[in-house]
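This report refers to the structure that appears directly beneath it.
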Amino acid sequence: MKIEAIYVSPGHNFFGRHGQQAEQHAIATVETVECVAGRGLRGDRFFDYKAGYAGQITFFSLEVHAALQAAFALPRLCASAYRRNVLIRGADLTGLIGRDFEIQGVVFRGVAECKPCYWMDGAVAPGAEAWLKGRGGLRAQILNDGWLHRKSGP
């Protein structure tokens with residue numbers, strides 16, 4: 001499993017905004033991020049959200065992103081549009097639900113699919129929510145403190 005990109009945002013654009021306008025909090029691409037056990041990613045909107053929260057960190061697949069780009073003819077779509085934290089290559093995220101796994105010395109527990117919501121149709125393209133069902137990414141809990149780094153190379 002290789003980290004292709006890491007994203008954090010200080011605020012929620014969609015989460016908890018049902019029936020309201022989306023917010024406009026930028027999502028930043030970072031080279032490293034601090035993972036704090038049981039709390040989340042330092043500097044991200046879900047840091048200290050609530051005890052035991054399933055989405056302390058979210059993962060999304062580069063392969064799913066590429067397939068969506070092709071399916072919707074969106075070659076310039078940035079993976080940050082999904083508002084997941086870590087874009088990875090080479091892992092079956094669905095297979096990690098209910099399992100502990102390690103990346104760069106940080107241990108995570110895969111909790112559930114990061115189910116796409118209706119906001120995806122506006123943030124990505126009409127039909128994106130339906131297309132992403134079953135492949136929307138992974139919500140995970142952080143089990144030990146550490147740092148994740150986007151690495152260059154294979």
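Going by the structure tokens order, chains are called A, B, ..., each with residues numbered from 1, while ligands are numbered from 1 in the order shown.
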
* Asked: Which residues, written as a VMD selection string, have at least one atom at most 12 Å from A:Ala125, with only C-alpha atoms counted and residues fewer than 3 positions away on the same chain left out?
  -> chain A and resid 68 to 69 71 to 74 77 81 to 82 118 to 122 128 to 132

Using C-alpha atoms, can you export the residues from the last selection as an mmCIF file, in the first residue's frame?
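The resulting again.cif:
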```cif
data_model
loop_
_atom_site.group_PDB
_atom_site.id
_atom_site.type_symbol
_atom_site.label_atom_id
_atom_site.label_comp_id
_atom_site.auth_asym_id
_atom_site.auth_seq_id
_atom_site.Cartn_x
_atom_site.Cartn_y
_atom_site.Cartn_z
ATOM 1 C CA LEU A 68 -14.362 7.300 -11.761
ATOM 2 C CA GLN A 69 -12.357 9.772 -13.853
ATOM 3 C CA ALA A 71 -16.387 6.611 -16.220
ATOM 4 C CA PHE A 72 -17.370 10.295 -15.990
ATOM 5 C CA ALA A 73 -14.814 11.639 -18.494
ATOM 6 C CA LEU A 74 -13.213 13.850 -15.816
ATOM 7 C CA LEU A 77 -10.749 15.745 -11.323
ATOM 8 C CA ALA A 81 -12.935 16.312 -4.281
ATOM 9 C CA TYR A 82 -14.046 13.280 -2.227
ATOM 10 C CA TYR A 118 -25.718 13.075 -2.144
ATOM 11 C CA TRP A 119 -23.137 15.860 -1.917
ATOM 12 C CA MET A 120 -20.895 13.806 -4.236
ATOM 13 C CA ASP A 121 -23.247 14.550 -7.121
ATOM 14 C CA GLY A 122 -22.437 18.252 -6.751
ATOM 15 C CA ALA A 128 -21.143 10.069 -8.580
ATOM 16 C CA GLU A 129 -22.954 9.087 -5.373
ATOM 17 C CA ALA A 130 -24.516 6.007 -6.989
ATOM 18 C CA TRP A 131 -21.293 5.113 -8.795
ATOM 19 C CA LEU A 132 -19.257 5.299 -5.562
#
```

* To do: Enumerate the residues of stretch 17-150 of chain A with a DSSP assignment of strand (DSSP E or B), computed from the backbone, and present them as JSON, numbers by chain.
  => {"A": [28, 29, 30, 32, 33, 34, 35, 36, 40, 41, 57, 58, 59, 60, 61, 86, 87, 88, 89, 97, 100, 101, 102, 103, 106, 107, 108, 109, 110, 111, 112, 113, 138, 139, 140, 141, 142, 146, 147, 148, 149]}

* Asked: Could you pull out all residues of chain A with a DSSP call of helix (DSSP H, G or I) and give them as a ChimeraX atom specification?
  -> /A:62-71,79-82,94-96,119-123,128-132

* **Distance query stretch 52-65 of chain A at most 10 Å, only C-alpha atoms, self and fewer than 5 positions along chain excluded, as an NGL selection string** => :A and (1-8 or 35-41 or 44-47 or 70-71 or 77-80 or 82-93 or 108-114 or 132 or 135-142)

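In terms of minimum interatomic distance to A:Val106, A:Gly146 ranks closest within A:Gly146, A:Gly127, A:Pro75, A:Gly134, counting only C-alpha atoms.
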
* Asked: In Å to one decimal, how far is atom CA of A:Ile103 from atom CA of A:Lys151?
  ->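 That distance, rounded to one decimal, is 11.9 Å.
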
* Neighbours of A:Thr32 within 7 Å (only C-alpha atoms; same-chain residues fewer than 5 positions away dropped), as a PyMOL selection string? -> chain A and resi 147-150

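Here atom CA of A:Leu143 is placed at a distance of 14.5 Å from atom CA of A:Leu96.
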
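The gap separating atom CA of A:Ala51 from atom CA of A:Lys115 is 20.4 Å, in Å to one decimal.
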